[in-house]
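What follows is structure02.cif (mmCIF, C-alpha atoms).
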```cif
data_coords
loop_
_atom_site.label_atom_id
_atom_site.label_comp_id
_atom_site.auth_asym_id
_atom_site.auth_seq_id
_atom_site.Cartn_x
_atom_site.Cartn_y
_atom_site.Cartn_z
CA PHE M 152 0.00 0.00 0.00
CA LYS M 153 3.01 2.28 0.08
CA ALA M 154 2.95 2.19 -3.72
CA THR M 155 -0.69 3.32 -3.77
CA GLY M 156 -0.14 6.18 -1.31
CA HIS M 157 -2.10 4.78 1.62
CA GLN M 158 -1.00 5.53 5.18
CA ASN M 159 -1.04 2.78 7.80
CA ALA M 160 -3.05 3.53 10.94
CA TYR M 161 -4.68 1.65 13.79
CA PHE M 162 -8.12 2.30 15.28
CA PRO M 163 -9.83 1.06 18.48
CA LEU M 164 -11.00 -2.54 18.73
CA LEU M 165 -14.07 -1.63 20.82
CA VAL M 166 -16.67 0.48 19.02
CA PRO M 167 -19.53 2.20 20.89
CA GLU M 168 -22.77 0.43 20.03
CA SER M 169 -24.34 3.78 19.13
CA PHE M 170 -21.79 4.16 16.32
CA ILE M 171 -22.91 0.91 14.71
CA LYS M 172 -26.55 2.02 14.90
CA ARG M 173 -25.97 5.31 13.08
CA GLU M 174 -26.07 3.69 9.63
CA ALA M 175 -29.34 1.74 9.34
CA GLU M 176 -28.33 -0.74 6.62
CA HIS M 177 -24.99 -1.32 8.33
CA VAL M 178 -26.43 -2.34 11.68
CA GLU M 179 -29.10 -4.50 10.03
CA GLY M 180 -26.49 -6.31 7.96
CA PHE M 181 -24.12 -7.02 10.84
CA ALA M 182 -26.52 -7.45 13.78
CA PRO M 183 -26.45 -11.30 13.82
CA GLU M 184 -22.64 -11.34 13.81
CA LEU M 185 -21.90 -8.77 16.52
CA ALA M 186 -20.04 -9.64 19.71
CA VAL M 187 -21.03 -7.12 22.40
CA VAL M 188 -19.16 -6.16 25.58
CA THR M 189 -21.67 -5.24 28.31
CA HIS M 190 -19.55 -5.42 31.48
CA ALA M 191 -16.07 -4.23 32.48
CA GLY M 192 -14.33 -4.01 35.83
CA GLY M 193 -17.14 -5.96 37.44
CA GLU M 194 -19.74 -3.35 36.50
CA LYS M 195 -22.30 -2.97 33.74
CA LEU M 196 -21.32 -0.40 31.14
CA GLU M 197 -23.56 2.60 30.54
CA GLU M 198 -23.19 1.94 26.81
CA PRO M 199 -22.20 -1.46 25.41
CA TYR M 200 -19.22 -1.75 23.10
CA VAL M 201 -19.12 -3.85 19.95
CA ILE M 202 -15.96 -5.76 19.08
CA ARG M 203 -15.32 -4.43 15.59
CA PRO M 204 -16.73 -6.58 12.78
CA THR M 205 -15.27 -3.94 10.42
CA SER M 206 -14.19 -0.35 11.02
CA GLU M 207 -16.30 1.95 8.83
CA THR M 208 -18.06 3.47 11.84
CA ILE M 209 -15.09 4.15 14.11
CA ILE M 210 -13.03 5.46 11.20
CA GLY M 211 -15.94 7.63 10.08
CA TYR M 212 -15.93 9.17 13.55
CA TYR M 213 -12.25 10.08 13.27
CA PHE M 214 -12.62 11.28 9.69
CA SER M 215 -15.15 13.83 10.97
CA LYS M 216 -12.41 15.28 13.21
CA TRP M 217 -9.62 15.22 10.60
CA ILE M 218 -11.38 16.50 7.48
CA ASP M 219 -12.48 20.11 7.07
CA SER M 220 -11.46 21.23 3.59
CA TYR M 221 -11.01 19.87 0.08
CA ARG M 222 -7.31 20.34 0.78
CA ASP M 223 -7.55 17.45 3.26
CA LEU M 224 -8.74 15.13 0.50
CA PRO M 225 -8.26 12.49 -0.61
CA LEU M 226 -7.54 10.86 2.74
CA LEU M 227 -6.18 7.35 2.20
CA ILE M 228 -5.92 5.05 5.23
CA ASN M 229 -5.02 1.37 5.62
CA GLN M 230 -5.33 -0.75 8.75
CA TRP M 231 -3.93 -4.21 9.55
CA ALA M 232 -6.09 -5.63 12.33
CA ASN M 233 -8.16 -8.44 13.77
CA VAL M 234 -11.96 -8.40 13.64
CA MET M 235 -14.69 -10.55 15.11
CA ARG M 236 -17.88 -11.85 13.49
CA TRP M 237 -19.89 -14.43 15.40
CA GLU M 238 -20.08 -17.22 12.83
CA LYS M 239 -22.47 -20.06 13.65
CA ARG M 240 -20.55 -22.58 11.54
CA THR M 241 -16.83 -21.98 11.40
CA ARG M 242 -14.41 -23.35 8.83
CA LEU M 243 -10.64 -22.93 9.20
CA PHE M 244 -9.34 -19.89 7.28
CA LEU M 245 -12.66 -19.39 5.45
CA ARG M 246 -15.18 -18.53 8.15
CA THR M 247 -13.77 -17.98 11.62
CA THR M 248 -15.14 -15.96 14.52
CA GLU M 249 -11.92 -13.96 14.76
CA PHE M 250 -9.69 -13.34 11.78
CA LEU M 251 -6.86 -11.11 10.65
CA TRP M 252 -7.31 -8.80 7.74
CA GLN M 253 -6.33 -5.63 5.99
CA GLU M 254 -8.99 -2.96 5.55
CA GLY M 255 -8.63 0.27 3.61
CA HIS M 256 -10.75 3.38 4.12
CA THR M 257 -10.64 6.50 1.97
CA ALA M 258 -12.48 9.81 1.71
CA HIS M 259 -12.81 11.84 -1.50
CA ALA M 260 -14.18 15.15 -2.70
CA THR M 261 -16.17 13.66 -5.60
CA HIS M 262 -18.00 10.46 -6.38
CA ASP M 263 -15.92 10.01 -9.53
CA ASP M 264 -12.72 9.95 -7.46
CA ALA M 265 -14.26 7.45 -5.04
CA GLU M 266 -15.36 5.18 -7.89
CA LEU M 267 -11.85 5.23 -9.35
CA GLU M 268 -10.46 4.23 -5.95
CA VAL M 269 -12.92 1.33 -5.65
CA ARG M 270 -11.87 -0.06 -9.02
CA ARG M 271 -8.18 0.63 -8.43
CA MET M 272 -8.15 -1.38 -5.20
CA LEU M 273 -10.18 -4.20 -6.73
CA ASP M 274 -7.48 -4.48 -9.39
CA VAL M 275 -4.78 -4.46 -6.68
CA TYR M 276 -6.53 -7.45 -5.09
CA GLY M 277 -7.10 -9.22 -8.39
CA ASP M 278 -3.48 -8.75 -9.43
CA HIS M 279 -2.28 -9.94 -6.01
CA ALA M 280 -4.40 -13.09 -6.25
CA GLU M 281 -3.23 -13.94 -9.76
CA GLU M 282 0.39 -12.77 -9.76
CA LEU M 283 1.42 -13.81 -6.24
CA LEU M 284 -1.03 -16.53 -5.20
CA ALA M 285 -1.39 -17.95 -8.75
CA MET M 286 -5.15 -18.00 -8.08
CA PRO M 287 -7.25 -16.82 -11.05
CA VAL M 288 -10.28 -14.70 -10.18
CA VAL M 289 -13.39 -13.27 -11.80
CA ARG M 290 -13.84 -9.56 -11.07
CA GLY M 291 -17.40 -8.35 -10.79
CA VAL M 292 -20.18 -6.47 -9.03
CA LYS M 293 -22.22 -7.91 -6.17
CA THR M 294 -26.00 -7.92 -6.43
CA GLU M 295 -28.06 -5.63 -4.21
CA SER M 296 -28.76 -8.58 -1.92
CA GLU M 297 -25.09 -9.52 -1.59
CA LYS M 298 -23.45 -6.09 -1.39
CA PHE M 299 -21.80 -4.76 1.78
CA ALA M 300 -24.26 -3.40 4.33
CA GLY M 301 -24.45 0.37 3.88
CA ALA M 302 -22.67 0.53 0.50
CA LEU M 303 -23.95 1.90 -2.79
CA GLN M 304 -22.10 -0.84 -4.64
CA SER M 305 -19.68 -3.67 -3.87
CA LEU M 306 -17.08 -5.05 -6.26
CA CYS M 307 -15.48 -8.43 -5.63
CA ILE M 308 -13.02 -11.03 -6.83
CA GLU M 309 -14.32 -14.61 -6.95
CA ALA M 310 -12.05 -17.65 -7.15
CA MET M 311 -13.01 -21.24 -7.98
CA MET M 312 -11.69 -23.94 -5.69
CA GLN M 313 -10.80 -27.43 -6.90
CA ASP M 314 -14.24 -28.73 -5.86
CA GLY M 315 -15.96 -26.14 -8.05
CA LYS M 316 -17.19 -23.97 -5.19
CA ALA M 317 -16.64 -20.23 -5.23
CA LEU M 318 -14.63 -18.27 -2.70
CA GLN M 319 -15.12 -14.53 -2.31
CA ALA M 320 -11.46 -13.57 -2.04
CA GLY M 321 -11.70 -9.79 -1.69
CA THR M 322 -14.14 -6.88 -1.86
CA SER M 323 -14.04 -3.17 -2.62
CA HIS M 324 -17.00 -0.97 -1.68
CA ASP M 325 -18.39 2.34 -2.88
CA LEU M 326 -19.91 3.75 0.32
CA GLY M 327 -21.23 6.89 -1.35
CA GLN M 328 -22.04 9.56 1.24
CA ASN M 329 -23.89 7.18 3.58
CA PHE M 330 -21.25 7.03 6.30
CA GLY M 331 -20.32 10.67 5.72
CA ARG M 332 -23.89 11.64 6.56
CA ALA M 333 -24.07 9.23 9.51
CA PHE M 334 -20.91 10.71 11.09
CA ASN M 335 -21.18 14.25 9.73
CA VAL M 336 -17.94 14.03 7.74
CA MET M 337 -18.15 17.33 5.84
CA PHE M 338 -15.66 19.46 3.97
CA GLN M 339 -15.53 22.87 2.34
CA THR M 340 -15.46 22.54 -1.45
CA GLU M 341 -13.28 24.65 -3.73
CA GLY M 342 -16.38 26.76 -4.39
CA GLY M 343 -16.89 27.45 -0.68
CA ALA M 344 -19.91 25.19 -0.15
CA ARG M 345 -20.14 22.47 2.49
CA ASP M 346 -20.63 18.87 1.36
CA TYR M 347 -20.32 15.33 2.67
CA VAL M 348 -17.28 13.30 1.65
CA TRP M 349 -17.51 10.30 -0.65
CA GLN M 350 -16.02 7.20 0.96
CA THR M 351 -14.72 3.77 0.03
CA SER M 352 -13.65 0.71 1.97
CA TRP M 353 -11.97 -2.49 0.82
CA GLY M 354 -10.38 -5.52 2.40
CA VAL M 355 -8.90 -9.00 2.18
CA SER M 356 -8.32 -11.43 5.02
CA THR M 357 -6.73 -14.70 6.06
CA ARG M 358 -9.40 -16.24 3.83
CA LEU M 359 -6.81 -15.81 1.07
CA ILE M 360 -4.71 -18.46 2.82
CA GLY M 361 -7.65 -20.85 2.62
CA GLY M 362 -8.08 -20.01 -1.05
CA LEU M 363 -4.40 -20.61 -1.72
CA ILE M 364 -4.53 -24.01 -0.02
CA MET M 365 -7.69 -25.16 -1.81
CA THR M 366 -6.57 -23.91 -5.22
CA HIS M 367 -3.22 -25.69 -5.44
CA SER M 368 -2.81 -28.43 -2.84
CA ASP M 369 -2.94 -32.16 -3.61
CA ASP M 370 -3.17 -35.46 -1.74
CA ALA M 371 0.48 -35.15 -0.67
CA GLY M 372 -0.07 -31.81 1.08
CA LEU M 373 0.45 -28.13 0.43
CA VAL M 374 1.63 -26.73 -2.88
CA LEU M 375 2.89 -23.16 -2.42
CA PRO M 376 3.63 -20.67 -5.20
CA PRO M 377 7.25 -19.47 -4.95
CA ARG M 378 6.19 -15.80 -4.81
CA VAL M 379 4.58 -16.38 -1.39
CA ALA M 380 6.31 -19.50 -0.07
CA PRO M 381 8.01 -18.81 3.29
CA ILE M 382 10.70 -21.36 2.35
CA HIS M 383 11.72 -21.76 -1.29
CA VAL M 384 14.34 -24.49 -1.06
CA ALA M 385 14.95 -27.28 1.45
CA ILE M 386 18.41 -28.85 1.29
CA VAL M 387 18.54 -32.38 2.69
CA PRO M 388 22.12 -33.53 3.46
CA ILE M 389 22.61 -37.31 3.18
CA PHE M 390 25.46 -39.17 4.87
CA ARG M 391 25.92 -42.53 6.53
CA LYS M 392 29.28 -42.12 8.19
CA ALA M 393 30.56 -39.47 10.58
CA HIS M 394 33.51 -38.52 8.36
CA GLU M 395 31.10 -37.71 5.50
CA ARG M 396 29.05 -35.29 7.58
CA ASP M 397 31.39 -32.28 7.60
CA ALA M 398 32.01 -32.32 3.85
CA VAL M 399 28.30 -32.66 2.99
CA LEU M 400 27.22 -29.93 5.43
CA GLU M 401 29.96 -27.63 4.17
CA ALA M 402 28.75 -28.09 0.60
CA ALA M 403 25.14 -27.55 1.70
CA ALA M 404 26.11 -24.28 3.40
CA ARG M 405 27.95 -23.14 0.26
CA ILE M 406 24.93 -23.85 -1.94
CA LYS M 407 22.62 -22.18 0.56
CA ALA M 408 24.69 -18.99 0.49
CA GLN M 409 24.63 -18.91 -3.32
CA LEU M 410 20.87 -19.46 -3.48
CA GLU M 411 20.10 -16.79 -0.89
CA ALA M 412 21.67 -14.22 -3.22
CA VAL M 413 19.12 -15.05 -5.95
CA ASP M 414 16.27 -12.54 -6.38
CA ILE M 415 13.04 -13.96 -7.82
CA ALA M 416 11.15 -10.66 -7.94
CA PRO M 417 9.71 -9.92 -11.41
CA GLU M 418 11.76 -7.77 -13.77
CA GLY M 419 11.23 -4.08 -13.01
CA SER M 420 9.91 -4.69 -9.50
CA ARG M 421 10.72 -2.01 -6.92
CA TYR M 422 11.15 -4.72 -4.27
CA ARG M 423 13.68 -7.52 -3.84
CA ASP M 424 12.57 -11.10 -3.15
CA PHE M 425 15.58 -13.17 -2.18
CA LEU M 426 15.30 -16.92 -1.79
CA SER M 427 14.70 -18.44 1.63
CA VAL M 428 16.69 -21.66 2.07
CA VAL M 429 16.91 -24.17 4.93
CA ILE M 430 19.35 -27.00 5.56
CA ASP M 431 17.56 -29.90 7.22
CA ASP M 432 20.31 -31.51 9.27
CA ARG M 433 18.00 -33.14 11.82
CA GLU M 434 18.74 -36.70 12.85
CA LEU M 435 15.91 -38.22 10.84
CA ARG M 436 15.86 -40.61 7.93
CA PRO M 437 16.06 -38.84 4.55
CA GLY M 438 12.70 -40.30 3.51
CA ALA M 439 10.98 -38.71 6.51
CA LYS M 440 12.47 -35.36 5.60
CA TYR M 441 11.39 -35.68 1.97
CA TYR M 442 7.83 -36.39 3.08
CA GLU M 443 7.74 -33.44 5.47
CA TRP M 444 9.01 -30.87 2.99
CA GLU M 445 6.64 -32.16 0.34
CA ARG M 446 3.74 -31.98 2.78
CA ARG M 447 4.68 -28.42 3.70
CA GLY M 448 4.61 -27.36 0.06
CA VAL M 449 8.20 -26.18 -0.33
CA PRO M 450 8.63 -25.55 -4.08
CA LEU M 451 12.03 -27.22 -4.47
CA ARG M 452 14.04 -29.85 -2.60
CA VAL M 453 17.78 -30.50 -2.96
CA GLU M 454 19.30 -33.84 -1.97
CA LEU M 455 23.04 -33.79 -1.39
CA GLY M 456 25.28 -36.75 -0.53
CA PRO M 457 28.92 -37.87 -0.85
CA ARG M 458 28.39 -39.27 -4.36
CA ASP M 459 26.93 -35.94 -5.47
CA LEU M 460 29.96 -34.11 -4.07
CA ALA M 461 32.29 -36.42 -5.94
CA LYS M 462 30.48 -35.68 -9.20
CA GLY M 463 30.02 -31.94 -8.52
CA GLN M 464 26.26 -32.28 -8.81
CA VAL M 465 23.05 -31.94 -6.82
CA CYS M 466 19.80 -33.93 -6.94
CA VAL M 467 16.83 -31.61 -7.48
CA LYS M 468 13.12 -32.37 -7.03
CA MET M 469 10.38 -29.82 -7.73
CA ARG M 470 7.19 -30.05 -5.66
CA ILE M 471 5.22 -30.56 -8.89
CA ASP M 472 6.36 -31.54 -12.38
CA THR M 473 6.74 -28.50 -14.64
CA ALA M 474 8.21 -27.62 -18.00
CA ALA M 475 11.40 -26.72 -16.12
CA GLY M 476 11.78 -30.16 -14.60
CA ALA M 477 10.00 -33.43 -13.82
CA GLY M 478 10.89 -36.05 -11.27
CA LYS M 479 14.38 -36.07 -9.78
CA GLU M 480 17.11 -34.38 -11.81
CA PHE M 481 20.86 -34.52 -11.36
CA LEU M 482 22.44 -31.19 -12.27
CA PRO M 483 25.90 -29.67 -12.02
CA GLU M 484 25.95 -27.39 -9.00
CA ALA M 485 26.75 -24.26 -11.03
CA GLU M 486 23.98 -24.98 -13.54
CA PHE M 487 21.48 -25.52 -10.73
CA VAL M 488 22.32 -22.18 -9.10
CA ALA M 489 22.25 -20.38 -12.44
CA THR M 490 18.83 -21.76 -13.41
CA ILE M 491 16.94 -21.79 -10.12
CA ARG M 492 15.29 -18.41 -10.69
CA ALA M 493 13.89 -19.57 -14.03
CA ARG M 494 12.79 -22.87 -12.47
CA LEU M 495 10.86 -21.18 -9.69
CA LEU M 496 9.24 -18.63 -12.00
CA THR M 497 8.20 -21.49 -14.30
CA PHE M 498 6.76 -23.25 -11.26
CA GLN M 499 4.78 -20.08 -10.42
CA ALA M 500 3.48 -19.73 -13.98
CA GLU M 501 2.57 -23.41 -14.15
CA LEU M 502 0.41 -23.16 -11.01
CA LEU M 503 -1.51 -20.20 -12.44
CA ALA M 504 -1.90 -21.91 -15.83
CA ARG M 505 -3.25 -25.08 -14.22
CA ALA M 506 -5.75 -23.16 -12.11
CA ARG M 507 -6.88 -21.10 -15.11
CA ALA M 508 -7.29 -24.20 -17.23
CA ARG M 509 -9.36 -25.86 -14.52
CA LEU M 510 -11.64 -22.82 -14.28
CA GLN M 511 -12.10 -22.63 -18.05
CA GLU M 512 -12.70 -26.37 -18.42
CA GLN M 513 -15.19 -26.64 -15.56
CA ALA M 514 -17.16 -23.42 -16.13
CA VAL M 515 -20.44 -24.01 -17.96
CA THR M 516 -23.16 -22.01 -19.67
CA ILE M 517 -26.67 -23.01 -18.57
CA ASP M 518 -29.94 -22.00 -20.24
CA THR M 519 -32.60 -24.26 -18.66
CA TRP M 520 -33.71 -24.96 -15.11
CA ASP M 521 -33.53 -28.71 -15.65
CA GLU M 522 -29.89 -28.46 -16.66
CA PHE M 523 -29.21 -26.11 -13.75
CA GLN M 524 -30.59 -28.65 -11.28
CA ARG M 525 -28.51 -31.45 -12.82
CA VAL M 526 -25.29 -29.43 -12.63
CA PHE M 527 -25.85 -28.46 -9.00
CA ALA M 528 -27.41 -31.72 -7.76
CA GLY M 529 -26.34 -32.75 -4.27
CA ASP M 530 -23.04 -31.19 -3.26
CA LYS M 531 -21.86 -30.62 -6.84
CA SER M 532 -20.78 -27.15 -7.87
CA THR M 533 -19.00 -25.30 -10.64
CA PHE M 534 -18.96 -21.81 -12.11
CA ALA M 535 -22.12 -21.37 -14.17
CA TRP M 536 -22.96 -18.47 -16.46
CA CYS M 537 -26.73 -18.03 -16.37
CA HIS M 538 -29.33 -15.44 -17.24
CA TRP M 539 -31.11 -13.82 -14.27
CA ASP M 540 -34.11 -11.53 -14.36
CA GLY M 541 -32.57 -9.07 -11.89
CA THR M 542 -35.06 -9.51 -9.04
CA ARG M 543 -34.29 -10.22 -5.39
CA GLU M 544 -37.13 -12.73 -5.34
CA THR M 545 -35.62 -14.90 -8.08
CA GLU M 546 -32.16 -14.67 -6.51
CA ALA M 547 -33.56 -15.80 -3.14
CA ARG M 548 -35.61 -18.60 -4.72
CA ILE M 549 -32.59 -20.03 -6.57
CA LYS M 550 -30.63 -20.04 -3.31
CA GLU M 551 -33.49 -21.67 -1.42
CA LEU M 552 -33.92 -24.44 -3.98
CA THR M 553 -30.28 -25.23 -4.75
CA LYS M 554 -27.98 -23.37 -2.28
CA VAL M 555 -26.54 -21.61 -5.33
CA THR M 556 -25.87 -17.88 -5.10
CA ILE M 557 -25.12 -15.17 -7.62
CA ARG M 558 -21.42 -14.57 -7.08
CA CYS M 559 -21.21 -11.44 -9.22
CA VAL M 560 -22.23 -9.60 -12.34
CA PRO M 561 -18.95 -9.72 -14.31
CA LEU M 562 -17.08 -6.57 -15.17
CA PRO M 563 -16.17 -6.04 -18.86
CA GLY M 564 -13.80 -8.73 -20.08
CA GLN M 565 -14.45 -10.98 -17.07
CA GLY M 566 -17.20 -13.15 -18.50
CA PRO M 567 -19.49 -13.60 -21.49
CA ASP M 568 -20.31 -10.46 -23.42
CA PRO M 569 -23.73 -9.00 -22.50
CA GLU M 570 -26.52 -10.59 -24.52
CA PRO M 571 -30.28 -10.63 -23.91
CA GLY M 572 -31.87 -13.90 -22.90
CA ALA M 573 -34.36 -15.57 -20.57
CA CYS M 574 -33.89 -16.05 -16.82
CA VAL M 575 -32.80 -19.61 -16.04
CA LEU M 576 -35.54 -19.95 -13.38
CA THR M 577 -38.46 -17.70 -14.36
CA GLY M 578 -38.00 -17.30 -18.11
CA SER M 579 -38.39 -13.53 -17.73
CA PRO M 580 -36.25 -11.21 -19.86
CA SER M 581 -32.60 -10.87 -18.83
CA ALA M 582 -30.03 -8.36 -20.05
CA ARG M 583 -26.95 -10.54 -19.48
CA ARG M 584 -25.52 -13.62 -17.83
CA VAL M 585 -24.22 -13.59 -14.26
CA LEU M 586 -21.86 -15.90 -12.40
CA MET M 587 -23.57 -18.48 -10.18
CA ALA M 588 -22.06 -21.14 -7.91
CA LYS M 589 -22.23 -22.70 -4.50
CA ALA M 590 -19.81 -20.92 -2.21
CA TYR M 591 -17.79 -21.19 0.96
#
```

Rewrite the structure from the file as structure tokens, please.
Amino acid sequence: FKATGHQNAYFPLLVPESFIKREAEHVEGFAPELAVVTHAGGEKLEEPYVIRPTSETIIGYYFSKWIDSYRDLPLLINQWANVMRWEKRTRLFLRTTEFLWQEGHTAHATHDDAELEVRRMLDVYGDHAEELLAMPVVRGVKTESEKFAGALQSLCIEAMMQDGKALQAGTSHDLGQNFGRAFNVMFQTEGGARDYVWQTSWGVSTRLIGGLIMTHSDDAGLVLPPRVAPIHVAIVPIFRKAHERDAVLEAAARIKAQLEAVDIAPEGSRYRDFLSVVIDDRELRPGAKYYEWERRGVPLRVELGPRDLAKGQVCVKMRIDTAAGAGKEFLPEAEFVATIRARLLTFQAELLARARARLQEQAVTIDTWDEFQRVFAGDKSTFAWCHWDGTRETEARIKELTKVTIRCVPLPGQGPDPEPGACVLTGSPSARRVLMAKAY
């Protein structure tokens, strides 16, 4: 967020209940999920506090104190924090009562500026998902029923997991002047008039970790893209006799030092991304170490023993087979060091290509209700492009009958081109297809 000009800040965890109630749609949308503090110090509080489910209200309060003139705008704030939403059915990483996230909040002088910010941050999230997590997403607009409580419009990125279900991986909201009015966040315009600010909010959470796991992992364990892997290379020294140990470990340390000088950041990046390498010299059998590093998703494993030293080579095994290498390979040490950047970037590209291919192969176009019911029978799911008549009633009925929800109305270039048709359920006129799926 430094690159986008946002300032990091931190706001209170406990929000006065009256703040939440100031925006009618907001309190209605979050009421079932609120955790409320009613007592402190052994006494009942005069006013309960809500443990923040999100921070629009408390930040709106502070914006009202900080903003007075158009010269104070735009105000661009980012917060890294924990929030709490009282989920009835939790699922690790995807729906938890407490989770970590990043939430951005901005104030602008015009609606046009706010709309540009909403789209800009959606693209930041979409690019992050695809370029770093290797997780392809569909960018779109939430329906009125699914948008953020209190927003004029919500944009989202939707990812398809290996089981065909959708995961909302990030959202960006146009709040209009709703929270500005609720918290009296006004400014003097260049013309001297007083007006309410136009606000946005946007966020992603630890749900991205769940999406990463479910997009790439296999029966052997995690598969981590190199751009986000905490460990890129695990070196496993192999020796049977004590006198072999020192020579093998010395070679492992030499290779480790060479690899840690390799930068895998994309060309032109303003940041460096040096390799993280570990030497696993624990007193365990090599096979146990191989299994552990594979299970933990480390992109590349190096096996190094006395025979390899004698030949000046290393044994290399990628976590998955790619165009840069399949199975175990024996490479000269210098060649391995010289090519590791290309190998890891190929690994990254291969993960994204596989996930994109899976999305394209599994996504379907559905025109009839009978076909819709067949596709989504039982627990089955996929991404389905269907016509919808635009009514809340039809949206709710589809969800009631099949547990399928409208994930988004695709933005230009993110789905089928707009074409008139008939609603998949009612047969009523429809202007375009929308993305439907069961979701986490």

- Message: Nearest residue to His177 of chain M out of M:Lys298, M:Lys550, M:Arg345, M:Arg558, using only C-alpha atoms?
- Response: M:Lys298

- Item | Reference answer for the PyMOL selection byres ((chain M and resi 317-333) around 6), as a list in words | Arg173, Glu174, Val269, Leu273, Ala302, Leu303, Gln304, Ser305, Leu306, Cys307, Ile308, Glu309, Ala310, Met311, Lys316, Phe334, Asn335, Val336, Tyr347, Val348, Trp349, Gln350, Thr351, Ser352, Trp353, Gly354, Val355, Ala590 and Tyr591 of chain M

- At what distance in Å, to one decimal, does atom CA of Phe244 of chain M lie from atom CA of Leu165 of chain M?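 Pair atom CA of Leu165 of chain M / atom CA of Phe244 of chain M returns 23.2 Å.
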
- Enter the distance from atom CA of Glu544 of chain M to atom CA of Glu238 of chain M, in Å, rounded to one decimal.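 Computing it gives 25.3 Å between the two atoms.
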
- Message: Measuring between all atoms listed in the file, which one of M:His190, M:Arg548, M:Arg358, M:Arg203 shows the shortest distance to Ala232 of chain M?
- Response: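 Nearest to Ala232 of chain M: M:Arg203.
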
Just add N, CA and C atoms to segment 305-320 of chain M and send it as a PDB file, in the coordinates of the input.
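selection33.pdb, written as the output of this step:
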```
ATOM      1  N   SER M 305     -20.828  -2.867  -4.299  1.00  0.00           N
ATOM      2  CA  SER M 305     -19.680  -3.670  -3.870  1.00  0.00           C
ATOM      3  C   SER M 305     -19.097  -4.399  -5.073  1.00  0.00           C
ATOM      4  N   LEU M 306     -17.800  -4.271  -5.265  1.00  0.00           N
ATOM      5  CA  LEU M 306     -17.080  -5.050  -6.260  1.00  0.00           C
ATOM      6  C   LEU M 306     -16.362  -6.193  -5.553  1.00  0.00           C
ATOM      7  N   CYS M 307     -16.082  -7.261  -6.280  1.00  0.00           N
ATOM      8  CA  CYS M 307     -15.480  -8.430  -5.630  1.00  0.00           C
ATOM      9  C   CYS M 307     -14.582  -9.177  -6.609  1.00  0.00           C
ATOM     10  N   ILE M 308     -13.738 -10.037  -6.037  1.00  0.00           N
ATOM     11  CA  ILE M 308     -13.020 -11.030  -6.830  1.00  0.00           C
ATOM     12  C   ILE M 308     -13.469 -12.398  -6.335  1.00  0.00           C
ATOM     13  N   GLU M 309     -13.817 -13.282  -7.271  1.00  0.00           N
ATOM     14  CA  GLU M 309     -14.320 -14.610  -6.950  1.00  0.00           C
ATOM     15  C   GLU M 309     -13.378 -15.660  -7.542  1.00  0.00           C
ATOM     16  N   ALA M 310     -12.945 -16.585  -6.708  1.00  0.00           N
ATOM     17  CA  ALA M 310     -12.050 -17.650  -7.150  1.00  0.00           C
ATOM     18  C   ALA M 310     -12.769 -18.988  -7.086  1.00  0.00           C
ATOM     19  N   MET M 311     -12.420 -19.903  -7.997  1.00  0.00           N
ATOM     20  CA  MET M 311     -13.010 -21.240  -7.980  1.00  0.00           C
ATOM     21  C   MET M 311     -12.038 -22.226  -7.360  1.00  0.00           C
ATOM     22  N   MET M 312     -12.511 -22.925  -6.335  1.00  0.00           N
ATOM     23  CA  MET M 312     -11.690 -23.940  -5.690  1.00  0.00           C
ATOM     24  C   MET M 312     -11.727 -25.237  -6.495  1.00  0.00           C
ATOM     25  N   GLN M 313     -10.896 -26.198  -6.125  1.00  0.00           N
ATOM     26  CA  GLN M 313     -10.800 -27.430  -6.900  1.00  0.00           C
ATOM     27  C   GLN M 313     -12.104 -28.222  -6.913  1.00  0.00           C
ATOM     28  N   ASP M 314     -12.953 -28.016  -5.893  1.00  0.00           N
ATOM     29  CA  ASP M 314     -14.240 -28.730  -5.860  1.00  0.00           C
ATOM     30  C   ASP M 314     -15.334 -27.983  -6.600  1.00  0.00           C
ATOM     31  N   GLY M 315     -14.988 -26.888  -7.270  1.00  0.00           N
ATOM     32  CA  GLY M 315     -15.960 -26.140  -8.050  1.00  0.00           C
ATOM     33  C   GLY M 315     -16.698 -25.071  -7.287  1.00  0.00           C
ATOM     34  N   LYS M 316     -16.517 -24.999  -5.974  1.00  0.00           N
ATOM     35  CA  LYS M 316     -17.190 -23.970  -5.190  1.00  0.00           C
ATOM     36  C   LYS M 316     -16.451 -22.638  -5.329  1.00  0.00           C
ATOM     37  N   ALA M 317     -17.206 -21.565  -5.124  1.00  0.00           N
ATOM     38  CA  ALA M 317     -16.640 -20.230  -5.230  1.00  0.00           C
ATOM     39  C   ALA M 317     -16.144 -19.755  -3.864  1.00  0.00           C
ATOM     40  N   LEU M 318     -15.133 -18.915  -3.903  1.00  0.00           N
ATOM     41  CA  LEU M 318     -14.630 -18.270  -2.700  1.00  0.00           C
ATOM     42  C   LEU M 318     -14.519 -16.777  -2.978  1.00  0.00           C
ATOM     43  N   GLN M 319     -15.265 -15.978  -2.207  1.00  0.00           N
ATOM     44  CA  GLN M 319     -15.120 -14.530  -2.310  1.00  0.00           C
ATOM     45  C   GLN M 319     -13.781 -14.165  -1.675  1.00  0.00           C
ATOM     46  N   ALA M 320     -12.839 -13.733  -2.499  1.00  0.00           N
ATOM     47  CA  ALA M 320     -11.460 -13.570  -2.040  1.00  0.00           C
ATOM     48  C   ALA M 320     -11.108 -12.133  -1.690  1.00  0.00           C
TER      49      ALA M 320
END
```
